[in-house]
Amino acid sequence: MNKLPEISRRRFFKLLGAGAAVAVILPGWMVSTDTESINPTGDPADLSSWIHIGENGKVTVFTGKVEVGQNIRTSLAQVVAEELKIPVEAIQMVMGDTDLTIYDRGTFGSLTTPNMSPILRKAAAAAREMLLEMAAEKWKVSKNLLTAEGGKIIYKKSGKTESYTALVQGKQLIRTLKEEEILTPPDNWQVIGKHIPKVNGRDFVTGKHIYTSDMHFPSMYYGKILRPPAWHTTLVSADTSAAEVMDGVIVVRDGNFIGVAATNPDLAVQALSSIRAEWKTEPQPSHREIFNYLKENAGSGGGRTENESGSVIQGMTEADIRQKQTYQLHYIAHAPLEPRAALAQWEGEKLTVWTGTQRPFGVRTELARLFQIPEEKVRVIMPDTGSGYGGKHSGDAALEAARLAKAVGKPVSVTWTREEEFTWAYFRPGGIMEVSAGIKKDGTITAWEFHNYNSGGSGIRPVYNIAHQLTEYHPAESPLRQGSYRALASTANHFARESQIDDLARSIFMDPLKFRLKNLSDERVIAVLKAAAEKFGWEGKELPDNHGKGISCGYDKGGYVATCVEVSVNPVNGQLAILQIVQAFECGAIINPDHLKNQVEGAIVQGMGGALFEAVVFEGGRIQNPFFSSYRVPRFSDVPPIEIVLLDRRDLPSAGAGETPIVGIAPAIGNAIRDASGIRLTTLPLAPDGVVKNER
């Protein structure tokens, strides 16, 4: 593997070959809207989107966003190609390299498409307009008589053409973006809205792509870290003498940090196994009592109010029917196929780390703080990573590899095992949702009170028209490390809300679809509900005995989703089967319909895991199921026919699609189970052993 040299962006342009670096300065109004791209130094010169037009016709685009399987390498290239009027194949994306790209807070929250795409699109449009102006000046004609097409400026009246490369040769083009750049209207799109194959897809399917764990330097060492046996455990003593005398092994000890670096991976494992450590443990809750623990350890003084209007007391007084229910969900693991990995190299005072992370600049900050060096002395490079699901925000492996490399004086690679990934990476939080609601006999919701304990406030606000409502989030002390997960707490809050909505409809014998439509005014939610229901055949759908249908809807991060599910529940043994899934999704204008469909399908399958099977089992701080053999994820046999309905709203800005499609599957399955069996399941996962059991 060849290491990229330590270079500035300007120097990098020279290495790309002759051509022009087009610097497009982002004005304040754009920086404030793209909260993920704020430069902490405040240096305006660094608030630039750079486009390099090379002499070979290649266009290089720079962004701090990263590719973790959501295929933004392709979609971002598409928006640039659309505005520059060049093929996607002519674009090279440089992503997530802290020495070459502008500061970016991270790739999360479904923010790349709504925030980064418009910036790159405007930058490309600005570059196109500059090229048109240059050609107009050269030919002494009006810019309005010229067109950009296929990497050339064309004057059709005279037949003159000039390539972008020839126009910008040896020039440095600088322009501040205007709030209203001349963008290609949707009716004229040739690249946006079309299926473009994954730009580097062949590398992944042929094994050519280099993941962090594949990287190798001559004389590189392999690192392993001594881990405690359980959470909240402290090191009393450690005997490393056996490892220290092994040939090809270096033991690194820094306070409670103990690691080994060896000339090959097997030797590193052997050396780590030879260390004799004594630990002090503390009593800790298990997964069986976690919900009581979280409720008892919620912050005092009430929760954080997320939404409040009217008076819940008055709304309950106006109600003819009142219902109260508690919903729960267990901690689950991200379970990425690619575990955490990092390769670190020190050259003097300069540290370079290759690692799979959603936050390269955040990891750079972590490394700089650990070693107390300036951030410009740290370079983080993020190779396209297999998956993150919100689980790779931190730089755990990067910090470990860098500590070992500093001590050893050679590059060190650290790749977590599957057990380490399941045990020491952070989890999606467990939580409790308490819901109280009131309705009139005509189906009008009069009151809504919703409390989330520990899971989070994301997606907590109801989409329904409710005059009197209160929603609160109550943080709690967690016994396990917890953090971001795909859609954050929206999955938990949608599960509780849509389950409760279904039960309210049933209490007055109203069809769940009609009940939702009665209490909605948001036309985008209504549109996905109707689209999913029509495709599913909701109205008049005849079901055999012990079959049931369920529906749910929701909104989060600019995306709108509705899901319909058919299930069967064996009346004798409770065996559950998912028979059909239909999901409608709308996220504004679609950039790449096939890849969007893949995102939605992937979210549904992953959501099925949390809905049906997945749960972290722990006792005394020890994770009891840290392998795929014991941690149940969806299998091919679990997945029924899935139909996706995409609503393309070219009149609206594009929103991200990596998260919202996951929120609808759990409540739709739960509602279908209730319809088939009469049993309301209130805890996720619903059927960890594949059987529907009455919780009461």
# chains A, B, ... in the order shown; residues from 1 in each chain; ligands from 1
$ residues_around --residues "Trp538 (chain A)" --least-positions-apart "2" --cutoff "12 Å" --atoms "only C-alpha atoms" --output "number ranges by chain"
A: 511-514, 529-536, 540-543, 548-551, 563-566, 581-582
$ residues_around --residues "Asp675 (chain A)" --least-positions-apart "2" --cutoff "10 Å" --atoms "only C-alpha atoms" --output "list in words"
Asp502, Arg506, Asn546, His547, Gly548, Lys549, Gly550, Glu566, Val567, Ser568, Val569, Ile669, Gly670, Asn671, Ala672, Ile673, Ser677, Gly678, Ile679 and Arg680 of chain A
$ write_last_selection --atoms "C-alpha atoms" --output "CSV table (one decimal), in the first residue's frame"
chain,number,residue,atom,x,y,z
A,502,ASP,CA,-53.7,1.4,16.6
A,506,ARG,CA,-59.6,-0.5,17.9
A,546,ASN,CA,-54.9,-16.3,12.2
A,547,HIS,CA,-53.5,-13.8,9.7
A,548,GLY,CA,-53.4,-10.1,10.5
A,549,LYS,CA,-52.5,-6.8,8.9
A,550,GLY,CA,-50.8,-3.8,10.4
A,566,GLU,CA,-49.2,-9.1,6.8
A,567,VAL,CA,-48.3,-11.8,9.4
A,568,SER,CA,-49.6,-15.1,10.5
A,569,VAL,CA,-49.6,-16.4,14.1
A,669,ILE,CA,-45.4,-5.8,12.7
A,670,GLY,CA,-46.7,-5.3,16.2
A,671,ASN,CA,-50.0,-4.0,14.9
A,672,ALA,CA,-50.3,-7.0,12.5
A,673,ILE,CA,-49.6,-9.4,15.4
A,677,SER,CA,-53.8,-12.9,17.6
A,678,GLY,CA,-55.4,-10.3,19.8
A,679,ILE,CA,-52.1,-10.0,21.7
A,680,ARG,CA,-50.6,-6.5,22.1
$ select_by_dssp --residues "region 342-453 of chain A" --states "alpha helix (DSSP H)" --output "NGL selection string"
:A and (360-371 or 396-408 or 418-424)
$ write_last_selection --atoms "N, CA and C atoms" --output "CSV table (one decimal), in the first residue's frame"
chain,number,residue,atom,x,y,z
A,360,PRO,N,-14.2,11.7,10.7
A,360,PRO,CA,-12.8,11.8,10.6
A,360,PRO,C,-12.2,13.0,11.3
A,361,PHE,N,-12.9,14.1,11.2
A,361,PHE,CA,-12.4,15.3,11.9
A,361,PHE,C,-12.6,15.2,13.4
A,362,GLY,N,-13.7,14.5,13.9
A,362,GLY,CA,-13.9,14.3,15.3
A,362,GLY,C,-12.8,13.4,15.8
A,363,VAL,N,-12.4,12.4,15.1
A,363,VAL,CA,-11.3,11.5,15.5
A,363,VAL,C,-10.0,12.2,15.5
A,364,ARG,N,-9.8,13.1,14.6
A,364,ARG,CA,-8.6,13.9,14.6
A,364,ARG,C,-8.5,14.7,15.9
A,365,THR,N,-9.6,15.3,16.3
A,365,THR,CA,-9.6,16.0,17.6
A,365,THR,C,-9.3,15.1,18.8
A,366,GLU,N,-9.9,13.9,18.8
A,366,GLU,CA,-9.6,12.9,19.8
A,366,GLU,C,-8.2,12.6,19.9
A,367,LEU,N,-7.5,12.4,18.8
A,367,LEU,CA,-6.1,12.0,18.7
A,367,LEU,C,-5.3,13.2,19.2
A,368,ALA,N,-5.6,14.4,18.7
A,368,ALA,CA,-4.8,15.6,19.1
A,368,ALA,C,-4.9,15.8,20.6
A,369,ARG,N,-6.0,15.6,21.2
A,369,ARG,CA,-6.2,15.8,22.6
A,369,ARG,C,-5.4,14.7,23.4
A,370,LEU,N,-5.5,13.5,22.9
A,370,LEU,CA,-4.8,12.4,23.6
A,370,LEU,C,-3.3,12.6,23.7
A,371,PHE,N,-2.7,13.1,22.6
A,371,PHE,CA,-1.2,13.2,22.5
A,371,PHE,C,-0.8,14.7,22.8
A,396,ASP,N,-12.2,4.7,18.7
A,396,ASP,CA,-11.6,3.8,19.6
A,396,ASP,C,-10.4,3.1,19.0
A,397,ALA,N,-10.5,2.4,17.9
A,397,ALA,CA,-9.4,1.7,17.3
A,397,ALA,C,-8.3,2.6,16.9
A,398,ALA,N,-8.6,3.8,16.4
A,398,ALA,CA,-7.6,4.8,16.0
A,398,ALA,C,-6.8,5.2,17.2
A,399,LEU,N,-7.4,5.5,18.3
A,399,LEU,CA,-6.6,5.9,19.5
A,399,LEU,C,-5.7,4.7,20.0
A,400,GLU,N,-6.2,3.5,19.9
A,400,GLU,CA,-5.4,2.4,20.4
A,400,GLU,C,-4.2,2.2,19.4
A,401,ALA,N,-4.5,2.2,18.1
A,401,ALA,CA,-3.4,2.0,17.2
A,401,ALA,C,-2.3,3.1,17.3
A,402,ALA,N,-2.8,4.3,17.5
A,402,ALA,CA,-1.8,5.5,17.6
A,402,ALA,C,-1.0,5.3,18.9
A,403,ARG,N,-1.6,4.9,20.0
A,403,ARG,CA,-0.8,4.7,21.2
A,403,ARG,C,0.3,3.7,21.1
A,404,LEU,N,-0.1,2.6,20.4
A,404,LEU,CA,0.9,1.5,20.2
A,404,LEU,C,2.0,1.9,19.2
A,405,ALA,N,1.6,2.6,18.1
A,405,ALA,CA,2.6,3.0,17.2
A,405,ALA,C,3.5,4.0,17.7
A,406,LYS,N,3.1,4.9,18.6
A,406,LYS,CA,3.9,5.9,19.3
A,406,LYS,C,5.0,5.2,20.1
A,407,ALA,N,4.6,4.2,20.8
A,407,ALA,CA,5.5,3.4,21.7
A,407,ALA,C,6.5,2.5,20.9
A,408,VAL,N,6.0,1.9,19.8
A,408,VAL,CA,6.8,1.0,19.1
A,408,VAL,C,7.7,1.7,18.1
A,418,ARG,N,-14.7,-9.9,16.4
A,418,ARG,CA,-16.2,-9.8,16.5
A,418,ARG,C,-16.6,-9.7,17.9
A,419,GLU,N,-16.0,-10.4,18.8
A,419,GLU,CA,-16.4,-10.3,20.2
A,419,GLU,C,-16.2,-8.9,20.8
A,420,GLU,N,-15.0,-8.3,20.4
A,420,GLU,CA,-14.7,-6.9,20.9
A,420,GLU,C,-15.8,-6.0,20.3
A,421,GLU,N,-16.1,-6.1,19.1
A,421,GLU,CA,-17.1,-5.2,18.5
A,421,GLU,C,-18.5,-5.3,19.2
A,422,PHE,N,-18.9,-6.5,19.5
A,422,PHE,CA,-20.2,-6.7,20.2
A,422,PHE,C,-20.1,-6.3,21.6
A,423,THR,N,-18.9,-6.3,22.2
A,423,THR,CA,-18.8,-6.0,23.7
A,423,THR,C,-18.5,-4.6,24.0
A,424,TRP,N,-17.5,-4.0,23.3
A,424,TRP,CA,-17.0,-2.7,23.7
A,424,TRP,C,-17.4,-1.5,22.8
$ closest_residue --among "A:Ala342, A:Ile466, A:Ala666, A:Ala562" --to "Thr491 (chain A)" --atoms "only C-alpha atoms"
A:Ala666
$ residues_around --residues "Val633 (chain A)" --least-positions-apart "3" --cutoff "8 Å" --atoms "only C-alpha atoms" --output "JSON, numbers by chain"
{"A": [606, 609, 613, 614, 628]}
$ write_last_selection --atoms "C-alpha atoms" --output "PDB file, in the first residue's frame"
ATOM      1  CA  GLN A 606     -32.267  -4.127   9.689  1.00  0.00           C
ATOM      2  CA  GLY A 609     -33.866  -7.441  13.534  1.00  0.00           C
ATOM      3  CA  PHE A 613     -34.927 -10.748  17.494  1.00  0.00           C
ATOM      4  CA  GLU A 614     -32.121  -8.441  18.526  1.00  0.00           C
ATOM      5  CA  PHE A 628     -23.425 -13.834  15.494  1.00  0.00           C
TER       6      PHE A 628
END
$ closest_residue --among "A:Gly315, A:Pro667, A:Gly690, A:Pro626" --to "Leu576 (chain A)" --atoms "only C-alpha atoms"
A:Gly690
$ closest_residue --among "A:Gly64, A:Gly391, A:Gly386, A:Gly193" --to "Val79 (chain A)" --atoms "only C-alpha atoms"
A:Gly193
$ residues_around --residues "region 638-646 of chain A" --least-positions-apart "5" --cutoff "9 Å" --atoms "only C-alpha atoms" --output "number ranges by chain"
A: 528, 531-532, 535-536, 577-587, 590, 593, 596-597, 600-601, 604-605, 608
$ write_last_selection --atoms "C-alpha atoms" --output "PDB file, in the first residue's frame"
ATOM      1  CA  VAL A 528     -47.301   7.867   1.820  1.00  0.00           C
ATOM      2  CA  ALA A 531     -49.626   4.916  -1.423  1.00  0.00           C
ATOM      3  CA  ALA A 532     -48.629   2.074   0.921  1.00  0.00           C
ATOM      4  CA  LYS A 535     -50.094  -1.093  -3.034  1.00  0.00           C
ATOM      5  CA  PHE A 536     -50.805  -3.440  -0.130  1.00  0.00           C
ATOM      6  CA  ALA A 577     -44.362 -15.621  10.181  1.00  0.00           C
ATOM      7  CA  ILE A 578     -43.934 -12.311   8.356  1.00  0.00           C
ATOM      8  CA  LEU A 579     -45.665 -12.781   4.998  1.00  0.00           C
ATOM      9  CA  GLN A 580     -45.621  -9.435   3.196  1.00  0.00           C
ATOM     10  CA  ILE A 581     -44.153  -5.961   3.628  1.00  0.00           C
ATOM     11  CA  VAL A 582     -45.072  -2.869   1.641  1.00  0.00           C
ATOM     12  CA  GLN A 583     -43.436   0.463   2.396  1.00  0.00           C
ATOM     13  CA  ALA A 584     -43.966   3.857   0.810  1.00  0.00           C
ATOM     14  CA  PHE A 585     -41.263   6.473   1.244  1.00  0.00           C
ATOM     15  CA  GLU A 586     -40.917  10.087   0.228  1.00  0.00           C
ATOM     16  CA  CYS A 587     -37.843  12.262   0.744  1.00  0.00           C
ATOM     17  CA  ILE A 590     -34.943  11.478  -5.731  1.00  0.00           C
ATOM     18  CA  PRO A 593     -34.009   5.784  -7.454  1.00  0.00           C
ATOM     19  CA  LEU A 596     -32.773   4.835  -2.718  1.00  0.00           C
ATOM     20  CA  LYS A 597     -34.771   1.633  -3.035  1.00  0.00           C
ATOM     21  CA  VAL A 600     -35.212   1.573   2.073  1.00  0.00           C
ATOM     22  CA  GLU A 601     -35.035  -2.207   1.722  1.00  0.00           C
ATOM     23  CA  ILE A 604     -36.541  -2.554   6.618  1.00  0.00           C
ATOM     24  CA  VAL A 605     -34.406  -5.685   6.962  1.00  0.00           C
ATOM     25  CA  MET A 608     -36.831  -6.384  11.378  1.00  0.00           C
TER      26      MET A 608
END
$ residues_around --residues "region 214-217 of chain A" --least-positions-apart "3" --cutoff "8 Å" --atoms "only C-alpha atoms" --output "PyMOL selection string"
chain A and resi 1+210-211+220+343+411
$ residues_around --residues "Gly430 (chain A)" --least-positions-apart "3" --cutoff "7 Å" --atoms "only C-alpha atoms" --output "PDB file with N, CA and C atoms, in the first residue's frame"
ATOM      1  N   LEU A 329     -37.959  -1.179  25.098  1.00  0.00           N
ATOM      2  CA  LEU A 329     -37.088  -1.804  24.108  1.00  0.00           C
ATOM      3  C   LEU A 329     -35.716  -2.017  24.717  1.00  0.00           C
ATOM      4  N   HIS A 330     -35.101  -3.128  24.322  1.00  0.00           N
ATOM      5  CA  HIS A 330     -33.807  -3.519  24.856  1.00  0.00           C
ATOM      6  C   HIS A 330     -32.669  -2.841  24.095  1.00  0.00           C
ATOM      7  N   TYR A 331     -31.510  -2.834  24.712  1.00  0.00           N
ATOM      8  CA  TYR A 331     -30.294  -2.426  24.018  1.00  0.00           C
ATOM      9  C   TYR A 331     -30.052  -3.378  22.844  1.00  0.00           C
ATOM     10  N   ASN A 454     -34.603   7.437  28.734  1.00  0.00           N
ATOM     11  CA  ASN A 454     -33.280   6.991  28.310  1.00  0.00           C
ATOM     12  C   ASN A 454     -33.104   6.844  26.807  1.00  0.00           C
ATOM     13  N   SER A 455     -34.099   6.364  26.074  1.00  0.00           N
ATOM     14  CA  SER A 455     -33.891   6.057  24.664  1.00  0.00           C
ATOM     15  C   SER A 455     -33.555   7.299  23.848  1.00  0.00           C
TER      16      SER A 455
END
$ residues_around --residues "Gly658 (chain A)" --least-positions-apart "4" --cutoff "8 Å" --atoms "only C-alpha atoms" --output "PyMOL selection string"
chain A and resi 70+110+486+599-600+603
$ write_last_selection --atoms "all heavy atoms" --output "compact mmCIF listing (two decimals), in the first residue's frame"
# COMPACT_ATOMS: atom_id res chain seq x y z
N GLN A 70 -23.85 3.91 2.23
CA GLN A 70 -25.09 4.58 1.84
C GLN A 70 -25.02 5.10 0.40
O GLN A 70 -25.98 5.61 -0.14
CB GLN A 70 -25.41 5.71 2.82
CG GLN A 70 -24.62 7.01 2.66
CD GLN A 70 -23.21 6.95 3.20
OE1 GLN A 70 -22.50 5.99 3.03
NE2 GLN A 70 -22.80 8.02 3.87
N SER A 110 -28.67 11.70 8.49
CA SER A 110 -29.25 11.85 7.15
C SER A 110 -29.05 13.27 6.61
O SER A 110 -29.92 13.83 5.93
CB SER A 110 -30.75 11.51 7.18
OG SER A 110 -30.96 10.15 7.44
N ARG A 486 -28.87 3.98 13.91
CA ARG A 486 -29.67 4.39 12.76
C ARG A 486 -31.06 4.87 13.18
O ARG A 486 -31.83 4.13 13.77
CB ARG A 486 -29.80 3.20 11.79
CG ARG A 486 -30.32 3.52 10.42
CD ARG A 486 -30.24 2.28 9.55
NE ARG A 486 -30.45 2.58 8.15
CZ ARG A 486 -30.30 1.70 7.16
NH1 ARG A 486 -29.94 0.46 7.44
NH2 ARG A 486 -30.51 2.04 5.92
N GLN A 599 -31.60 1.50 -0.11
CA GLN A 599 -31.54 2.06 1.24
C GLN A 599 -32.79 1.69 2.03
O GLN A 599 -32.73 1.31 3.20
CB GLN A 599 -31.42 3.59 1.17
CG GLN A 599 -30.02 4.07 0.91
CD GLN A 599 -29.22 4.22 2.19
OE1 GLN A 599 -29.13 3.30 3.00
NE2 GLN A 599 -28.62 5.37 2.38
N VAL A 600 -33.94 1.85 1.39
CA VAL A 600 -35.21 1.57 2.07
C VAL A 600 -35.32 0.09 2.41
O VAL A 600 -35.70 -0.28 3.52
CB VAL A 600 -36.40 2.04 1.21
CG1 VAL A 600 -37.72 1.67 1.88
CG2 VAL A 600 -36.33 3.55 0.98
N ALA A 603 -32.99 -0.73 5.28
CA ALA A 603 -33.52 -0.25 6.55
C ALA A 603 -34.61 -1.17 7.08
O ALA A 603 -34.68 -1.43 8.29
CB ALA A 603 -34.05 1.17 6.38
$ closest_residue --among "A:Arg304, A:Lys140, A:Asp503, A:Leu612" --to "Arg674 (chain A)" --atoms "only C-alpha atoms"
A:Asp503
$ closest_residue --among "A:Ile432, A:Leu480, A:Ile445, A:Leu111" --to "Asn493 (chain A)" --atoms "only C-alpha atoms"
A:Ile432
$ select_by_dssp --residues "region 309-450 of chain A" --states "strand (DSSP E)" --output "count of residues only"
46
$ closest_atom_pairs --of "region 246-330 of chain A" --to "region 222-226 of chain A" --cutoff "8 Å" --atoms "only C-alpha atoms" --output "Markdown table"
| residue | atom | partner | partner_atom | distance |
| --- | --- | --- | --- | --- |
| A:Phe257 | CA | A:Leu226 | CA | 7.5 |
| A:Ile258 | CA | A:Leu226 | CA | 5.6 |
| A:Gly259 | CA | A:Ile225 | CA | 4.3 |
| A:Val260 | CA | A:Lys224 | CA | 5.4 |
| A:Ala261 | CA | A:Gly223 | CA | 4.3 |
| A:Ala262 | CA | A:Tyr222 | CA | 5.3 |
| A:Thr263 | CA | A:Tyr222 | CA | 6.2 |
| A:Asn264 | CA | A:Tyr222 | CA | 5.9 |
| A:Pro265 | CA | A:Tyr222 | CA | 5.5 |
| A:Ala268 | CA | A:Lys224 | CA | 6.2 |
| A:Val269 | CA | A:Lys224 | CA | 6.8 |
| A:Leu272 | CA | A:Lys224 | CA | 6.7 |
$ write_last_selection --atoms "N, CA, C and O atoms" --output "PDB file, in the first residue's frame"
ATOM      1  N   PHE A 257      -3.897   1.462  30.504  1.00  0.00           N
ATOM      2  CA  PHE A 257      -3.864   0.998  29.120  1.00  0.00           C
ATOM      3  C   PHE A 257      -2.718   0.008  28.961  1.00  0.00           C
ATOM      4  O   PHE A 257      -1.547   0.335  29.180  1.00  0.00           O
ATOM      5  N   ILE A 258      -3.066  -1.206  28.560  1.00  0.00           N
ATOM      6  CA  ILE A 258      -2.065  -2.228  28.312  1.00  0.00           C
ATOM      7  C   ILE A 258      -2.350  -2.847  26.955  1.00  0.00           C
ATOM      8  O   ILE A 258      -3.466  -3.289  26.674  1.00  0.00           O
ATOM      9  N   GLY A 259      -1.336  -2.849  26.119  1.00  0.00           N
ATOM     10  CA  GLY A 259      -1.476  -3.453  24.806  1.00  0.00           C
ATOM     11  C   GLY A 259      -0.197  -4.131  24.394  1.00  0.00           C
ATOM     12  O   GLY A 259       0.865  -3.943  25.008  1.00  0.00           O
ATOM     13  N   VAL A 260      -0.309  -4.945  23.356  1.00  0.00           N
ATOM     14  CA  VAL A 260       0.871  -5.599  22.805  1.00  0.00           C
ATOM     15  C   VAL A 260       0.910  -5.323  21.316  1.00  0.00           C
ATOM     16  O   VAL A 260      -0.133  -5.179  20.659  1.00  0.00           O
ATOM     17  N   ALA A 261       2.127  -5.231  20.778  1.00  0.00           N
ATOM     18  CA  ALA A 261       2.329  -5.105  19.342  1.00  0.00           C
ATOM     19  C   ALA A 261       3.296  -6.203  18.930  1.00  0.00           C
ATOM     20  O   ALA A 261       4.331  -6.402  19.568  1.00  0.00           O
ATOM     21  N   ALA A 262       2.936  -6.915  17.869  1.00  0.00           N
ATOM     22  CA  ALA A 262       3.752  -8.055  17.444  1.00  0.00           C
ATOM     23  C   ALA A 262       3.909  -8.046  15.936  1.00  0.00           C
ATOM     24  O   ALA A 262       3.150  -7.378  15.215  1.00  0.00           O
ATOM     25  N   THR A 263       4.866  -8.799  15.460  1.00  0.00           N
ATOM     26  CA  THR A 263       5.193  -8.802  14.039  1.00  0.00           C
ATOM     27  C   THR A 263       4.172  -9.547  13.190  1.00  0.00           C
ATOM     28  O   THR A 263       4.200  -9.445  11.962  1.00  0.00           O
ATOM     29  N   ASN A 264       3.274 -10.322  13.812  1.00  0.00           N
ATOM     30  CA  ASN A 264       2.185 -10.944  13.068  1.00  0.00           C
ATOM     31  C   ASN A 264       0.967 -11.081  13.977  1.00  0.00           C
ATOM     32  O   ASN A 264       1.105 -11.064  15.217  1.00  0.00           O
ATOM     33  N   PRO A 265      -0.225 -11.192  13.400  1.00  0.00           N
ATOM     34  CA  PRO A 265      -1.451 -11.193  14.213  1.00  0.00           C
ATOM     35  C   PRO A 265      -1.524 -12.350  15.206  1.00  0.00           C
ATOM     36  O   PRO A 265      -1.963 -12.147  16.354  1.00  0.00           O
ATOM     37  N   ALA A 268       0.516 -11.665  18.229  1.00  0.00           N
ATOM     38  CA  ALA A 268      -0.110 -10.653  19.076  1.00  0.00           C
ATOM     39  C   ALA A 268      -1.174 -11.279  19.977  1.00  0.00           C
ATOM     40  O   ALA A 268      -1.274 -10.964  21.172  1.00  0.00           O
ATOM     41  N   VAL A 269      -1.960 -12.192  19.421  1.00  0.00           N
ATOM     42  CA  VAL A 269      -2.986 -12.884  20.213  1.00  0.00           C
ATOM     43  C   VAL A 269      -2.325 -13.735  21.298  1.00  0.00           C
ATOM     44  O   VAL A 269      -2.770 -13.755  22.459  1.00  0.00           O
ATOM     45  N   LEU A 272      -0.975 -11.464  24.083  1.00  0.00           N
ATOM     46  CA  LEU A 272      -2.050 -10.927  24.925  1.00  0.00           C
ATOM     47  C   LEU A 272      -2.575 -11.996  25.877  1.00  0.00           C
ATOM     48  O   LEU A 272      -2.846 -11.720  27.056  1.00  0.00           O
TER      49      LEU A 272
END
$ closest_residue --among "A:Ser478, A:Ser163, A:Thr101, A:Thr444" --to "Met510 (chain A)" --atoms "only C-alpha atoms"
A:Thr444
$ decode --residues "region 510-547 of chain A" --atoms "C-alpha atoms" --output "PDB file, in the first residue's frame"
ATOM      1  CA  MET A 510     -62.479   2.182  13.512  1.00  0.00           C
ATOM      2  CA  ASP A 511     -60.205   1.013  10.706  1.00  0.00           C
ATOM      3  CA  PRO A 512     -56.608   1.940  11.674  1.00  0.00           C
ATOM      4  CA  LEU A 513     -55.958   3.584   8.298  1.00  0.00           C
ATOM      5  CA  LYS A 514     -59.124   5.691   8.455  1.00  0.00           C
ATOM      6  CA  PHE A 515     -58.349   6.637  12.062  1.00  0.00           C
ATOM      7  CA  ARG A 516     -54.925   7.935  11.070  1.00  0.00           C
ATOM      8  CA  LEU A 517     -56.233   9.848   8.070  1.00  0.00           C
ATOM      9  CA  LYS A 518     -58.921  11.466  10.222  1.00  0.00           C
ATOM     10  CA  ASN A 519     -56.284  12.893  12.565  1.00  0.00           C
ATOM     11  CA  LEU A 520     -53.754  13.994   9.952  1.00  0.00           C
ATOM     12  CA  SER A 521     -53.403  17.168   7.915  1.00  0.00           C
ATOM     13  CA  ASP A 522     -49.795  16.840   6.715  1.00  0.00           C
ATOM     14  CA  GLU A 523     -50.306  16.006   3.038  1.00  0.00           C
ATOM     15  CA  ARG A 524     -46.926  14.286   2.766  1.00  0.00           C
ATOM     16  CA  VAL A 525     -47.766  11.823   5.553  1.00  0.00           C
ATOM     17  CA  ILE A 526     -51.198  11.301   4.020  1.00  0.00           C
ATOM     18  CA  ALA A 527     -49.619  10.645   0.621  1.00  0.00           C
ATOM     19  CA  VAL A 528     -47.301   7.867   1.820  1.00  0.00           C
ATOM     20  CA  LEU A 529     -50.106   6.293   3.869  1.00  0.00           C
ATOM     21  CA  LYS A 530     -52.400   6.152   0.856  1.00  0.00           C
ATOM     22  CA  ALA A 531     -49.626   4.916  -1.423  1.00  0.00           C
ATOM     23  CA  ALA A 532     -48.629   2.074   0.921  1.00  0.00           C
ATOM     24  CA  ALA A 533     -52.229   1.098   1.584  1.00  0.00           C
ATOM     25  CA  GLU A 534     -53.092   1.042  -2.122  1.00  0.00           C
ATOM     26  CA  LYS A 535     -50.094  -1.093  -3.034  1.00  0.00           C
ATOM     27  CA  PHE A 536     -50.805  -3.440  -0.130  1.00  0.00           C
ATOM     28  CA  GLY A 537     -54.519  -3.620  -0.951  1.00  0.00           C
ATOM     29  CA  TRP A 538     -55.467  -2.551   2.558  1.00  0.00           C
ATOM     30  CA  GLU A 539     -59.134  -1.856   1.938  1.00  0.00           C
ATOM     31  CA  GLY A 540     -61.051  -5.054   1.306  1.00  0.00           C
ATOM     32  CA  LYS A 541     -58.006  -7.282   1.802  1.00  0.00           C
ATOM     33  CA  GLU A 542     -59.333 -10.721   2.671  1.00  0.00           C
ATOM     34  CA  LEU A 543     -57.122 -12.574   5.169  1.00  0.00           C
ATOM     35  CA  PRO A 544     -57.272 -16.218   6.264  1.00  0.00           C
ATOM     36  CA  ASP A 545     -57.846 -17.103   9.905  1.00  0.00           C
ATOM     37  CA  ASN A 546     -54.933 -16.271  12.218  1.00  0.00           C
ATOM     38  CA  HIS A 547     -53.550 -13.783   9.721  1.00  0.00           C
TER      39      HIS A 547
END
